[in-house]
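The data block below is structure28.txt; it holds compact mmCIF, C-alpha atoms and all ligand atoms.
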```
# COMPACT_ATOMS: atom_id res chain seq x y z
CA MET A 1349 136.01 164.09 137.91
CA SER A 1350 138.76 162.18 139.62
CA VAL A 1351 142.44 162.52 140.42
CA ILE A 1352 144.85 159.68 139.66
CA VAL A 1353 148.16 159.43 141.48
CA PHE A 1354 150.87 157.36 139.77
CA GLY A 1355 153.75 156.91 142.18
CA SER A 1356 155.35 155.64 145.34
CA ILE A 1357 153.97 154.05 148.49
CA ASN A 1358 156.35 153.89 151.49
CA MET A 1359 156.31 152.97 155.14
CA ASP A 1360 158.10 155.81 156.97
CA LEU A 1361 160.35 154.70 159.85
CA VAL A 1362 160.56 157.93 161.81
CA ALA A 1363 163.14 158.67 164.51
CA ARG A 1364 162.72 161.84 166.59
CA THR A 1365 166.13 163.10 167.67
CA PRO A 1366 167.53 166.19 169.43
CA ARG A 1367 169.41 167.06 166.23
CA ILE A 1368 170.35 165.50 162.90
CA PRO A 1369 173.35 163.19 163.61
CA ALA A 1370 176.70 164.01 161.99
CA PRO A 1371 178.37 161.35 159.75
CA GLY A 1372 179.72 158.52 161.93
CA GLU A 1373 177.87 159.77 165.04
CA THR A 1374 175.56 157.64 167.21
CA LEU A 1375 172.75 159.60 168.79
CA THR A 1376 170.00 158.55 171.22
CA GLY A 1377 166.57 159.55 169.90
CA HIS A 1378 163.39 160.52 171.79
CA ARG A 1379 161.03 158.09 170.06
CA PHE A 1380 160.28 155.95 167.01
CA GLU A 1381 157.15 155.48 164.91
CA THR A 1382 156.10 153.69 161.73
CA VAL A 1383 153.90 156.02 159.69
CA PRO A 1384 152.29 155.50 156.25
CA GLY A 1385 154.03 157.71 153.69
CA GLY A 1386 155.56 157.84 150.22
CA LYS A 1387 155.14 160.89 148.03
CA GLY A 1388 152.58 159.23 145.75
CA ALA A 1389 150.48 157.76 148.55
CA ASN A 1390 150.65 160.98 150.59
CA GLN A 1391 149.36 162.99 147.63
CA ALA A 1392 146.57 160.46 147.04
CA VAL A 1393 145.47 160.65 150.68
CA ALA A 1394 145.64 164.47 150.61
CA VAL A 1395 143.26 164.57 147.63
CA ALA A 1396 140.89 161.87 148.89
CA ARG A 1397 140.51 163.48 152.35
CA LEU A 1398 139.18 166.56 150.56
CA GLY A 1399 136.33 164.47 149.14
CA ILE A 1400 137.59 164.08 145.56
CA PRO A 1401 137.43 160.57 143.98
CA THR A 1402 141.05 159.38 143.97
CA GLN A 1403 142.77 156.36 142.46
CA MET A 1404 146.32 155.22 143.22
CA VAL A 1405 148.47 153.34 140.70
CA GLY A 1406 151.60 151.79 142.22
CA ARG A 1407 153.15 148.75 143.89
CA ILE A 1408 153.58 147.38 147.41
CA GLY A 1409 155.58 144.38 148.60
CA ASN A 1410 153.98 141.16 149.83
CA ASP A 1411 154.73 142.01 153.47
CA ALA A 1412 153.20 143.44 156.63
CA PHE A 1413 154.15 147.01 155.69
CA GLY A 1414 152.40 146.58 152.32
CA GLN A 1415 149.18 145.39 153.98
CA ALA A 1416 149.25 148.24 156.50
CA LEU A 1417 149.86 150.77 153.72
CA LEU A 1418 146.95 149.40 151.70
CA ARG A 1419 144.62 149.57 154.73
CA GLY A 1420 145.68 153.17 155.36
CA LEU A 1421 144.93 154.21 151.80
CA GLN A 1422 141.56 152.45 151.83
CA ALA A 1423 140.66 154.05 155.18
CA SER A 1424 141.10 157.45 153.49
CA SER A 1425 138.85 156.35 150.59
CA VAL A 1426 141.65 156.03 148.03
CA ASN A 1427 140.70 153.49 145.34
CA CYS A 1428 143.47 150.86 145.46
CA ASP A 1429 142.27 148.53 142.68
CA ALA A 1430 145.29 149.48 140.52
CA ILE A 1431 147.89 148.81 143.23
CA LEU A 1432 149.89 145.67 142.45
CA THR A 1433 151.37 143.42 145.15
CA GLU A 1434 154.94 142.65 144.12
CA ALA A 1435 156.16 139.21 145.24
CA THR A 1436 159.87 139.69 144.54
CA THR A 1437 160.78 142.53 146.90
CA HIS A 1438 159.73 144.51 149.99
CA SER A 1439 157.44 147.52 150.22
CA GLY A 1440 159.09 150.92 149.84
CA VAL A 1441 160.62 152.25 153.04
CA ALA A 1442 161.74 155.75 154.05
CA MET A 1443 164.05 156.18 157.05
CA ILE A 1444 163.32 159.65 158.40
CA THR A 1445 165.04 161.63 161.14
CA VAL A 1446 163.18 164.67 162.53
CA ASP A 1447 165.04 166.86 165.01
CA ASP A 1448 163.87 169.26 167.74
CA ALA A 1449 163.99 172.16 165.28
CA SER A 1450 161.62 170.25 162.91
CA GLU A 1451 164.43 169.76 160.38
CA ASN A 1452 164.44 166.36 158.70
CA ASN A 1453 166.51 164.12 156.49
CA ILE A 1454 165.26 161.07 154.61
CA VAL A 1455 166.80 157.89 153.14
CA ILE A 1456 164.53 156.03 150.72
CA ILE A 1457 164.80 152.33 149.86
CA PRO A 1458 162.43 151.99 146.87
CA GLY A 1459 161.67 148.24 147.02
CA ALA A 1460 158.45 147.63 145.04
CA ASN A 1461 158.32 151.29 143.92
CA GLY A 1462 161.58 150.74 142.05
CA LEU A 1463 160.01 148.00 139.90
CA ILE A 1464 157.26 150.22 138.48
CA ASP A 1465 157.41 150.03 134.69
CA THR A 1466 155.29 150.24 131.55
CA THR A 1467 152.97 147.45 132.78
CA ASP A 1468 151.84 149.86 135.51
CA VAL A 1469 151.24 152.47 132.81
CA GLU A 1470 149.01 149.88 131.07
CA ARG A 1471 146.92 149.70 134.29
CA LEU A 1472 146.74 153.50 134.28
CA GLN A 1473 145.48 153.80 130.70
CA PRO A 1474 141.80 152.77 131.12
CA LEU A 1475 141.46 154.99 134.22
CA LEU A 1476 142.36 158.19 132.39
CA ALA A 1477 138.95 158.49 130.68
CA GLN A 1478 137.34 159.42 134.05
CA ALA A 1479 140.21 161.59 135.28
CA LYS A 1480 140.72 165.35 135.39
CA VAL A 1481 144.23 165.39 136.92
CA LEU A 1482 147.24 163.02 136.97
CA LEU A 1483 149.71 163.61 139.82
CA LEU A 1484 153.29 162.40 139.32
CA GLN A 1485 156.46 162.49 141.45
CA LEU A 1486 160.00 161.11 141.00
CA GLU A 1487 160.13 158.28 143.56
CA VAL A 1488 159.40 155.69 140.83
CA PRO A 1489 161.49 155.05 137.68
CA LEU A 1490 161.65 158.00 135.31
CA GLU A 1491 160.79 155.93 132.20
CA ALA A 1492 157.42 155.03 133.75
CA VAL A 1493 156.81 158.66 134.78
CA MET A 1494 157.50 159.75 131.19
CA ALA A 1495 155.17 157.12 129.74
CA ALA A 1496 152.39 158.01 132.20
CA ALA A 1497 152.72 161.74 131.43
CA LYS A 1498 152.62 161.06 127.70
CA LEU A 1499 149.46 158.96 127.92
CA ALA A 1500 147.68 161.45 130.19
CA LYS A 1501 148.59 164.37 127.92
CA GLN A 1502 147.19 162.48 124.91
CA SER A 1503 143.98 161.88 126.90
CA GLY A 1504 143.56 165.58 127.73
CA VAL A 1505 144.16 165.02 131.46
CA THR A 1506 145.97 167.82 133.38
CA VAL A 1507 149.48 166.54 134.19
CA ILE A 1508 151.10 167.80 137.41
CA LEU A 1509 154.67 166.74 138.25
CA ASP A 1510 156.15 167.21 141.71
CA PRO A 1511 159.83 166.81 140.70
CA ALA A 1512 160.79 165.30 144.07
CA PRO A 1513 163.20 163.97 145.17
CA ALA A 1514 165.44 166.50 143.41
CA ARG A 1515 167.32 165.47 140.28
CA THR A 1516 169.08 167.33 137.51
CA ASP A 1517 168.54 164.95 134.62
CA LEU A 1518 164.92 165.25 133.56
CA PRO A 1519 164.67 164.40 129.85
CA THR A 1520 163.92 167.40 127.62
CA ALA A 1521 160.97 165.48 126.15
CA LEU A 1522 159.26 165.40 129.59
CA TYR A 1523 158.87 169.18 130.03
CA PRO A 1524 156.31 169.77 127.22
CA LEU A 1525 154.12 166.99 128.69
CA LEU A 1526 153.73 168.90 131.97
CA ASP A 1527 150.84 171.29 132.46
CA ILE A 1528 152.09 172.18 135.94
CA VAL A 1529 155.39 171.51 137.72
CA THR A 1530 155.72 172.15 141.49
CA PRO A 1531 159.39 172.11 142.58
CA ASN A 1532 160.52 173.22 146.03
CA GLN A 1533 163.54 175.51 146.39
CA VAL A 1534 166.16 172.75 146.15
CA GLU A 1535 164.43 171.01 143.25
CA THR A 1536 164.10 174.31 141.39
CA SER A 1537 167.86 174.94 141.75
CA GLN A 1538 168.64 171.43 140.51
CA LEU A 1539 166.37 171.76 137.49
CA ALA A 1540 167.31 175.32 136.54
CA GLY A 1541 171.03 174.89 137.25
CA PHE A 1542 171.50 177.91 139.56
CA PRO A 1543 170.74 178.62 143.25
CA ILE A 1544 167.33 179.95 144.24
CA THR A 1545 167.95 182.56 146.91
CA ASP A 1546 164.97 184.90 146.59
CA LEU A 1547 161.83 185.65 144.58
CA GLU A 1548 163.86 187.13 141.73
CA THR A 1549 165.91 183.94 141.20
CA ALA A 1550 162.73 181.84 141.61
CA ARG A 1551 161.13 183.93 138.82
CA LYS A 1552 164.17 183.42 136.56
CA ALA A 1553 164.10 179.67 137.18
CA ALA A 1554 160.37 179.46 136.42
CA THR A 1555 161.02 181.23 133.11
CA VAL A 1556 163.77 178.70 132.29
CA LEU A 1557 161.38 175.80 132.96
CA GLN A 1558 158.67 177.42 130.83
CA GLN A 1559 161.18 177.85 128.00
CA ARG A 1560 161.72 174.07 128.17
CA GLY A 1561 157.98 173.59 127.55
CA VAL A 1562 156.23 173.47 130.97
CA GLY A 1563 152.88 175.31 131.09
CA THR A 1564 152.73 176.63 134.66
CA VAL A 1565 155.49 176.60 137.28
CA ILE A 1566 154.51 176.73 140.96
CA THR A 1567 157.66 177.10 143.06
CA LYS A 1568 157.17 175.98 146.67
CA LEU A 1569 159.18 178.21 148.98
CA GLY A 1570 158.51 176.71 152.43
CA LYS A 1571 157.23 179.27 154.93
CA GLN A 1572 157.78 182.01 152.29
CA GLY A 1573 154.79 180.52 150.42
CA ALA A 1574 154.68 179.80 146.70
CA LEU A 1575 155.35 181.63 143.44
CA CYS A 1576 153.03 180.77 140.57
CA MET A 1577 154.02 181.59 136.97
CA THR A 1578 151.43 180.75 134.30
CA PRO A 1579 151.90 181.54 130.60
CA THR A 1580 149.97 184.81 131.18
CA GLU A 1581 150.54 185.97 134.77
CA THR A 1582 152.76 185.62 137.83
CA PHE A 1583 151.48 185.79 141.41
CA GLU A 1584 152.55 184.88 144.93
CA ILE A 1585 150.53 182.81 147.39
CA PRO A 1586 151.80 183.55 150.93
CA ALA A 1587 152.09 180.72 153.47
CA PHE A 1588 149.45 180.71 156.18
CA PRO A 1589 150.93 181.58 159.62
CA VAL A 1590 151.03 178.37 161.70
CA GLN A 1591 153.17 176.79 164.41
CA ALA A 1592 155.26 174.23 162.52
CA VAL A 1593 155.66 170.85 164.24
CA ASP A 1594 156.97 168.74 161.36
CA THR A 1595 157.21 169.69 157.67
CA VAL A 1596 157.43 166.08 156.37
CA ALA A 1597 154.92 165.84 153.49
CA ALA A 1598 154.19 169.60 153.37
CA GLY A 1599 155.02 169.44 149.66
CA ASP A 1600 152.73 166.43 149.20
CA ALA A 1601 149.90 168.16 151.06
CA PHE A 1602 150.38 171.19 148.78
CA ASN A 1603 150.18 169.05 145.62
CA GLY A 1604 147.12 167.20 146.93
CA GLY A 1605 145.33 170.46 147.73
CA LEU A 1606 146.20 171.84 144.31
CA ALA A 1607 145.02 168.75 142.41
CA ALA A 1608 141.82 168.52 144.46
CA GLY A 1609 141.05 172.17 143.73
CA LEU A 1610 141.64 171.81 140.00
CA ALA A 1611 139.63 168.57 139.84
CA ALA A 1612 136.74 170.41 141.53
CA GLY A 1613 136.91 173.13 138.87
CA MET A 1614 138.57 175.90 140.91
CA PRO A 1615 140.57 178.58 139.08
CA LEU A 1616 144.36 178.13 139.47
CA ARG A 1617 144.81 180.98 141.99
CA GLU A 1618 142.14 179.59 144.33
CA ALA A 1619 143.40 176.03 143.90
CA THR A 1620 146.92 177.21 144.81
CA GLN A 1621 145.61 179.00 147.87
CA GLN A 1622 143.79 175.81 148.88
CA ALA A 1623 147.12 173.99 148.37
CA ALA A 1624 148.87 176.41 150.74
CA ALA A 1625 146.14 175.90 153.36
CA VAL A 1626 146.33 172.09 153.15
CA ALA A 1627 150.13 172.30 153.43
CA ALA A 1628 149.98 174.71 156.39
CA LEU A 1629 147.62 172.37 158.23
CA SER A 1630 149.94 169.44 157.51
CA VAL A 1631 152.94 171.14 159.13
CA THR A 1632 150.99 171.58 162.36
CA LYS A 1633 150.88 167.77 162.85
CA ALA A 1634 153.56 165.09 162.96
CA GLY A 1635 154.08 162.43 160.30
CA ALA A 1636 153.15 162.13 156.64
CA GLN A 1637 149.63 160.75 156.11
CA PRO A 1638 148.41 161.38 159.69
CA SER A 1639 149.12 165.10 159.17
CA LEU A 1640 146.86 165.51 156.12
CA PRO A 1641 143.61 167.38 156.81
CA THR A 1642 140.02 166.41 156.05
CA ARG A 1643 137.64 168.69 154.12
CA THR A 1644 136.00 169.71 157.42
CA GLU A 1645 139.35 170.67 158.96
CA LEU A 1646 140.32 172.61 155.83
CA ASP A 1647 137.02 174.51 155.72
CA ALA A 1648 137.36 175.47 159.40
CA PHE A 1649 140.95 176.66 158.81
CA LEU A 1650 139.98 178.74 155.78
CA THR A 1651 137.09 180.32 157.67
CA LYS A 1652 139.40 181.12 160.59
CA HIS A 1653 141.80 182.84 158.17
CA GLY A 1654 139.00 184.78 156.47
CA VAL A 1655 139.28 182.95 153.14
CA THR A 1656 136.11 182.28 151.21
CA ASN A 1657 136.61 178.91 149.56
CA PRO A 1658 135.05 179.09 146.09
CA ARG A 1659 134.51 175.36 146.16
CA ALA A 1660 133.35 174.23 142.76
CA ASP A 1661 131.65 170.85 142.71
CA SER A 1662 133.20 168.11 140.64
P1 LIG B 1701 158.62 168.68 152.19
O1 LIG B 1701 159.04 169.15 153.57
O2 LIG B 1701 157.40 167.83 152.21
O3 LIG B 1701 159.72 168.13 151.35
P2 LIG B 1701 158.71 170.72 150.24
O4 LIG B 1701 160.13 171.07 150.49
O5 LIG B 1701 158.36 169.96 149.01
O6 LIG B 1701 158.09 170.01 151.50
P3 LIG B 1701 158.01 173.36 151.00
O7 LIG B 1701 158.37 174.43 150.07
O8 LIG B 1701 158.81 173.20 152.24
O9 LIG B 1701 157.86 172.03 150.17
O10 LIG B 1701 156.50 173.53 151.48
C1 LIG B 1701 155.40 173.39 150.59
C2 LIG B 1701 154.36 174.40 150.95
O11 LIG B 1701 153.93 174.14 152.29
C3 LIG B 1701 154.83 175.83 150.94
O12 LIG B 1701 154.73 176.40 149.63
C4 LIG B 1701 153.88 176.49 151.94
O13 LIG B 1701 152.66 176.82 151.31
C5 LIG B 1701 153.63 175.35 152.95
N1 LIG B 1701 154.53 175.45 154.11
C6 LIG B 1701 155.74 174.88 154.26
N2 LIG B 1701 156.29 175.21 155.46
C7 LIG B 1701 155.39 175.98 156.08
C8 LIG B 1701 155.33 176.64 157.35
N3 LIG B 1701 156.35 176.55 158.22
N4 LIG B 1701 154.23 177.36 157.64
C9 LIG B 1701 153.20 177.45 156.78
N5 LIG B 1701 153.17 176.86 155.58
C10 LIG B 1701 154.25 176.14 155.22
O1 LIG B 1702 157.39 163.78 150.99
C1 LIG B 1702 157.45 163.04 152.17
C2 LIG B 1702 157.69 161.59 151.87
O2 LIG B 1702 158.97 161.45 151.30
C3 LIG B 1702 157.70 160.70 153.08
O3 LIG B 1702 156.41 160.22 153.43
C4 LIG B 1702 158.67 159.60 152.71
O4 LIG B 1702 158.05 158.37 152.43
C5 LIG B 1702 159.40 160.14 151.49
O5 LIG B 1702 159.04 159.43 150.37
```
Structure rendered as structure tokens:
Amino acid sequence: MSVIVFGSINMDLVARTPRIPAPGETLTGHRFETVPGGKGANQAVAVARLGIPTQMVGRIGNDAFGQALLRGLQASSVNCDAILTEATTHSGVAMITVDDASENNIVIIPGANGLIDTTDVERLQPLLAQAKVLLLQLEVPLEAVMAAAKLAKQSGVTVILDPAPARTDLPTALYPLLDIVTPNQVETSQLAGFPITDLETARKAATVLQQRGVGTVITKLGKQGALCMTPTETFEIPAFPVQAVDTVAAGDAFNGGLAAGLAAGMPLREATQQAAAVAALSVTKAGAQPSLPTRTELDAFLTKHGVTNPRADS
């Protein structure tokens, strides 16, 4: 069974700098790269590189970035038939600064991603019959995310929302449509309305989100790992010890690993551990899509860390 990703496709314009510049400051960087990214596209590539059939629904602009982004997705075996080329604006762009301490900040200019609407949800509809999991994020308009979640829920497809970038105003009607939500620490604080400082506050926030109607809450806690609260149990999945080079797209790698595991029939705990391994591998390499591991790389990493991967075949 397949995974569908409904979301954003960006070209990342990445500046490497000694530190994050202060407001009004001009800083000389070390180097510059254009790297395929976008939360939706990153998650699609993460799933597809693990060998799971993956389809992307989204929009690119009619420009050189759009063509390069499409080629990148296709090279990773993502089915791009449901990606629309938008004539009226540019492809999504993310301006990213990564400093010597691997901290980053990101400015997104949505372009074609910002025009996603219910016509894109119409392209999604016929694909749902073959799908096991729908992956959503918040880099495309919320109305379209809502409509996609509603349709997938009606079709019995597992709906996973990565509520990134952070926002406080998710409609109450969205929560009950979500089988799994995967906020990071900042997003959890924004959604719950109080700071997440430790496991105890993360647990409280997960309970709040469940009370709003979400099934399972997986809180991503950076190098502290992840806290998973299902309707029946709560467990922690520690981060794998790695040398971090660049955490851009760690969250996307995590969501891709999770969706791939669930689509292959893994139990939630094992799928979450796979997610942590995919994310750990991604932080060891620079950039968004170039940092996402293949199935072979993941298997070697899991073996090295003494994890038996209970890979279930799709
Ligand atoms: P992003 O940097 O893409 O926005 P995020 O903020 O959404 O990521 P994080 O909580 O930073 O998400 O990371 C997601 C997951 O990646 C974590 O739950 C963890 O499993 C893994 N991870 C993140 N940082 C590290 C690290 N330094 N070492 C090992 N694993 C990591
Ligand atoms: O999650 C990382 C992604 O966020 C980057 O690839 C960038 O495009 C932004 O959307």
- Query: Please, what distance in Å, to one decimal, runs between CA of Ala1423 in chain A and CA of Ala1608 in chain A?
  - Reply: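 Taking CA of Ala1423 in chain A as the start and CA of Ala1608 in chain A as the end point, the length is 18.0 Å.
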Rows by chain and residue number, chain A within 8 Å of ligand LIG 1701 (chain B), shortest pair, all atoms listed in the file, as a tab-separated table:
```
residue	atom	partner	partner_atom	distance
A:Asn1452	CA	B:LIG1701	O1	8.0
A:Ala1512	CA	B:LIG1701	O5	7.2
A:Pro1531	CA	B:LIG1701	O5	6.9
A:Asn1532	CA	B:LIG1701	O7	4.7
A:Gln1533	CA	B:LIG1701	O7	6.4
A:Val1534	CA	B:LIG1701	O4	7.6
A:Thr1567	CA	B:LIG1701	O12	7.2
A:Lys1568	CA	B:LIG1701	O12	3.9
A:Leu1569	CA	B:LIG1701	O7	4.0
A:Gly1570	CA	B:LIG1701	O7	3.3
A:Lys1571	CA	B:LIG1701	C7	3.9
A:Gln1572	CA	B:LIG1701	C4	6.8
A:Gly1573	CA	B:LIG1701	O12	4.2
A:Ala1574	CA	B:LIG1701	O12	4.5
A:Ile1585	CA	B:LIG1701	O13	7.5
A:Pro1586	CA	B:LIG1701	O13	6.8
A:Ala1587	CA	B:LIG1701	O13	4.5
A:Phe1588	CA	B:LIG1701	C9	5.0
A:Pro1589	CA	B:LIG1701	C9	5.5
A:Val1590	CA	B:LIG1701	N4	5.3
A:Gln1591	CA	B:LIG1701	N4	6.9
A:Ala1592	CA	B:LIG1701	N3	5.0
A:Thr1595	CA	B:LIG1701	O1	4.5
A:Val1596	CA	B:LIG1701	O1	4.5
A:Ala1597	CA	B:LIG1701	O2	3.4
A:Ala1598	CA	B:LIG1701	O2	3.8
A:Gly1599	CA	B:LIG1701	O5	3.4
A:Asp1600	CA	B:LIG1701	O2	5.7
A:Ala1601	CA	B:LIG1701	O11	7.3
A:Phe1602	CA	B:LIG1701	C2	5.6
A:Ala1623	CA	B:LIG1701	O13	6.9
A:Ala1624	CA	B:LIG1701	O13	3.9
A:Ala1625	CA	B:LIG1701	O13	6.9
A:Val1626	CA	B:LIG1701	O11	7.9
A:Ala1627	CA	B:LIG1701	O11	4.4
A:Ala1628	CA	B:LIG1701	N5	3.9
A:Leu1629	CA	B:LIG1701	N5	7.6
A:Val1631	CA	B:LIG1701	C7	6.2
```
The centre and edge lengths of an axis-aligned box containing all atoms of ligand LIG 1702 (chain B) present in the file, extended by 5 Å on each side, are to be given in Å to one decimal, as JSON.
```
{"center_x": 157.9, "center_y": 161.1, "center_z": 151.9, "size_x": 13.0, "size_y": 15.4, "size_z": 13.1}
```
Per residue of range 1504-1571 of chain A within 12 Å of range 1391-1403 of chain A, note the shortest atom pair and the distance in Å to one decimal, counting only C-alpha atoms, and order the rows by chain and increasing residue number, as a Markdown table.
```
| residue | atom | partner | partner_atom | distance |
| --- | --- | --- | --- | --- |
| A:Ile1508 | CA | A:Gln1391 | CA | 11.4 |
| A:Leu1509 | CA | A:Gln1391 | CA | 11.4 |
| A:Asp1510 | CA | A:Gln1391 | CA | 9.9 |
```
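Distance check against ligand LIG 1702 (chain B) using only C-alpha atoms and all ligand atoms: of A:Gly1563, A:Gly1605, A:Gly1355, A:Pro1384, the minimum falls on A:Pro1384.
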- Item | Near-ligand residues for ligand LIG 1702 (chain B), threshold 10 Å, all atoms listed in the file, as an MDAnalysis selection string | chainID A and resid 1356:1362 1383:1391 1440:1444 1453:1458 1485:1487 1510 1512:1513 1595:1601 1635:1637
- Item | Local residues around (144.1, 166.0, 129.1), at most 10 Å away, using all atoms listed in the file, as a PyMOL selection string | chain A and resi 1476-1477+1479-1482+1497-1507+1527
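Candidate residues A:Asp1465, A:Glu1535, A:Asp1411, A:Asp1429 were compared for distance to Ala1514 in chain A, and the nearest is A:Glu1535, using all atoms listed in the file.
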- Message: Could you list, as a list in words, every residue within 6 Å of Gly1414 in chain A, counting all atoms listed in the file and ignoring same-chain residues fewer than 5 positions away?
- Response: Ile1408, Gly1409 and Ser1439 of chain A
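In this comparison, which uses only C-alpha atoms, the residue of A:Thr1433, A:Asn1427, A:Thr1530, A:Thr1545 approaching Phe1413 in chain A most closely is A:Thr1433.
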- Item | Atomic separation - CA of Gly1609 in chain A relative to CA of Ala1495 in chain A, Å |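 Result for CA of Ala1495 in chain A versus CA of Gly1609 in chain A: 24.9 Å, one decimal.
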- For the atom pair CA of Asp1447 in chain A and CA of Ala1363 in chain A, what is the interatomic distance in Å to one decimal place? 8.4 Å
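Comparing the minimum interatomic distances between Arg1643 in chain A and each of A:Pro1511, A:Arg1560, A:Ile1544, A:Gln1622, counting all atoms listed in the file, we find that A:Gln1622 sits nearest.
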- Message: Using all atoms listed in the file, can you tell me which of A:Leu1472, A:Leu1484, A:Val1562, A:Ile1464 comes closest to Ala1521 in chain A?
- Response: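 Checking each candidate against Ala1521 in chain A, we get A:Val1562 as the closest.
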- Find the residue from A:His1653, A:Val1446, A:Ser1350, A:Arg1407 that sits nearest to Pro1366 in chain A; use only C-alpha atoms when measuring. A:Val1446
Output requested as an mmCIF file, in the coordinates of the input - range 1445-1460 of chain A, filled out with N, CA, C and O atoms.
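rebuild-v6.cif, freshly written:
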```
data_model
loop_
_atom_site.group_PDB
_atom_site.id
_atom_site.type_symbol
_atom_site.label_atom_id
_atom_site.label_comp_id
_atom_site.auth_asym_id
_atom_site.auth_seq_id
_atom_site.Cartn_x
_atom_site.Cartn_y
_atom_site.Cartn_z
ATOM 1 N N THR A 1445 164.645 161.060 159.855
ATOM 2 C CA THR A 1445 165.040 161.630 161.140
ATOM 3 C C THR A 1445 164.453 163.043 161.222
ATOM 4 O O THR A 1445 164.614 163.833 160.290
ATOM 5 N N VAL A 1446 163.719 163.318 162.310
ATOM 6 C CA VAL A 1446 163.180 164.670 162.530
ATOM 7 C C VAL A 1446 163.768 165.183 163.841
ATOM 8 O O VAL A 1446 163.657 164.520 164.868
ATOM 9 N N ASP A 1447 164.396 166.370 163.784
ATOM 10 C CA ASP A 1447 165.040 166.860 165.010
ATOM 11 C C ASP A 1447 164.157 167.867 165.757
ATOM 12 O O ASP A 1447 163.040 168.181 165.320
ATOM 13 N N ASP A 1448 164.666 168.363 166.878
ATOM 14 C CA ASP A 1448 163.870 169.260 167.740
ATOM 15 C C ASP A 1448 163.533 170.583 167.063
ATOM 16 O O ASP A 1448 162.619 171.284 167.497
ATOM 17 N N ALA A 1449 164.279 170.915 165.995
ATOM 18 C CA ALA A 1449 163.990 172.160 165.280
ATOM 19 C C ALA A 1449 163.086 171.882 164.068
ATOM 20 O O ALA A 1449 162.943 172.729 163.177
ATOM 21 N N SER A 1450 162.503 170.669 164.011
ATOM 22 C CA SER A 1450 161.620 170.250 162.910
ATOM 23 C C SER A 1450 162.342 170.077 161.577
ATOM 24 O O SER A 1450 161.700 169.979 160.543
ATOM 25 N N GLU A 1451 163.679 170.074 161.611
ATOM 26 C CA GLU A 1451 164.430 169.760 160.380
ATOM 27 C C GLU A 1451 164.364 168.257 160.177
ATOM 28 O O GLU A 1451 164.270 167.489 161.139
ATOM 29 N N ASN A 1452 164.447 167.814 158.914
ATOM 30 C CA ASN A 1452 164.440 166.360 158.700
ATOM 31 C C ASN A 1452 165.438 165.968 157.625
ATOM 32 O O ASN A 1452 165.862 166.792 156.816
ATOM 33 N N ASN A 1453 165.858 164.708 157.662
ATOM 34 C CA ASN A 1453 166.510 164.120 156.490
ATOM 35 C C ASN A 1453 165.936 162.725 156.266
ATOM 36 O O ASN A 1453 165.376 162.115 157.173
ATOM 37 N N ILE A 1454 165.999 162.280 154.997
ATOM 38 C CA ILE A 1454 165.260 161.070 154.610
ATOM 39 C C ILE A 1454 166.141 160.191 153.729
ATOM 40 O O ILE A 1454 166.791 160.685 152.802
ATOM 41 N N VAL A 1455 166.178 158.879 154.038
ATOM 42 C CA VAL A 1455 166.800 157.890 153.140
ATOM 43 C C VAL A 1455 165.678 156.992 152.629
ATOM 44 O O VAL A 1455 164.915 156.443 153.431
ATOM 45 N N ILE A 1456 165.590 156.857 151.307
ATOM 46 C CA ILE A 1456 164.530 156.030 150.720
ATOM 47 C C ILE A 1456 165.109 154.735 150.181
ATOM 48 O O ILE A 1456 166.144 154.743 149.496
ATOM 49 N N ILE A 1457 164.447 153.607 150.482
ATOM 50 C CA ILE A 1457 164.800 152.330 149.860
ATOM 51 C C ILE A 1457 163.573 151.940 149.037
ATOM 52 O O ILE A 1457 162.534 151.558 149.591
ATOM 53 N N PRO A 1458 163.647 152.063 147.704
ATOM 54 C CA PRO A 1458 162.430 151.990 146.870
ATOM 55 C C PRO A 1458 161.678 150.664 146.929
ATOM 56 O O PRO A 1458 160.447 150.651 146.871
ATOM 57 N N GLY A 1459 162.370 149.518 147.018
ATOM 58 C CA GLY A 1459 161.670 148.240 147.020
ATOM 59 C C GLY A 1459 160.720 148.139 145.831
ATOM 60 O O GLY A 1459 161.113 148.355 144.684
ATOM 61 N N ALA A 1460 159.445 147.837 146.118
ATOM 62 C CA ALA A 1460 158.450 147.630 145.040
ATOM 63 C C ALA A 1460 158.285 148.862 144.155
ATOM 64 O O ALA A 1460 158.034 148.741 142.946
#
```
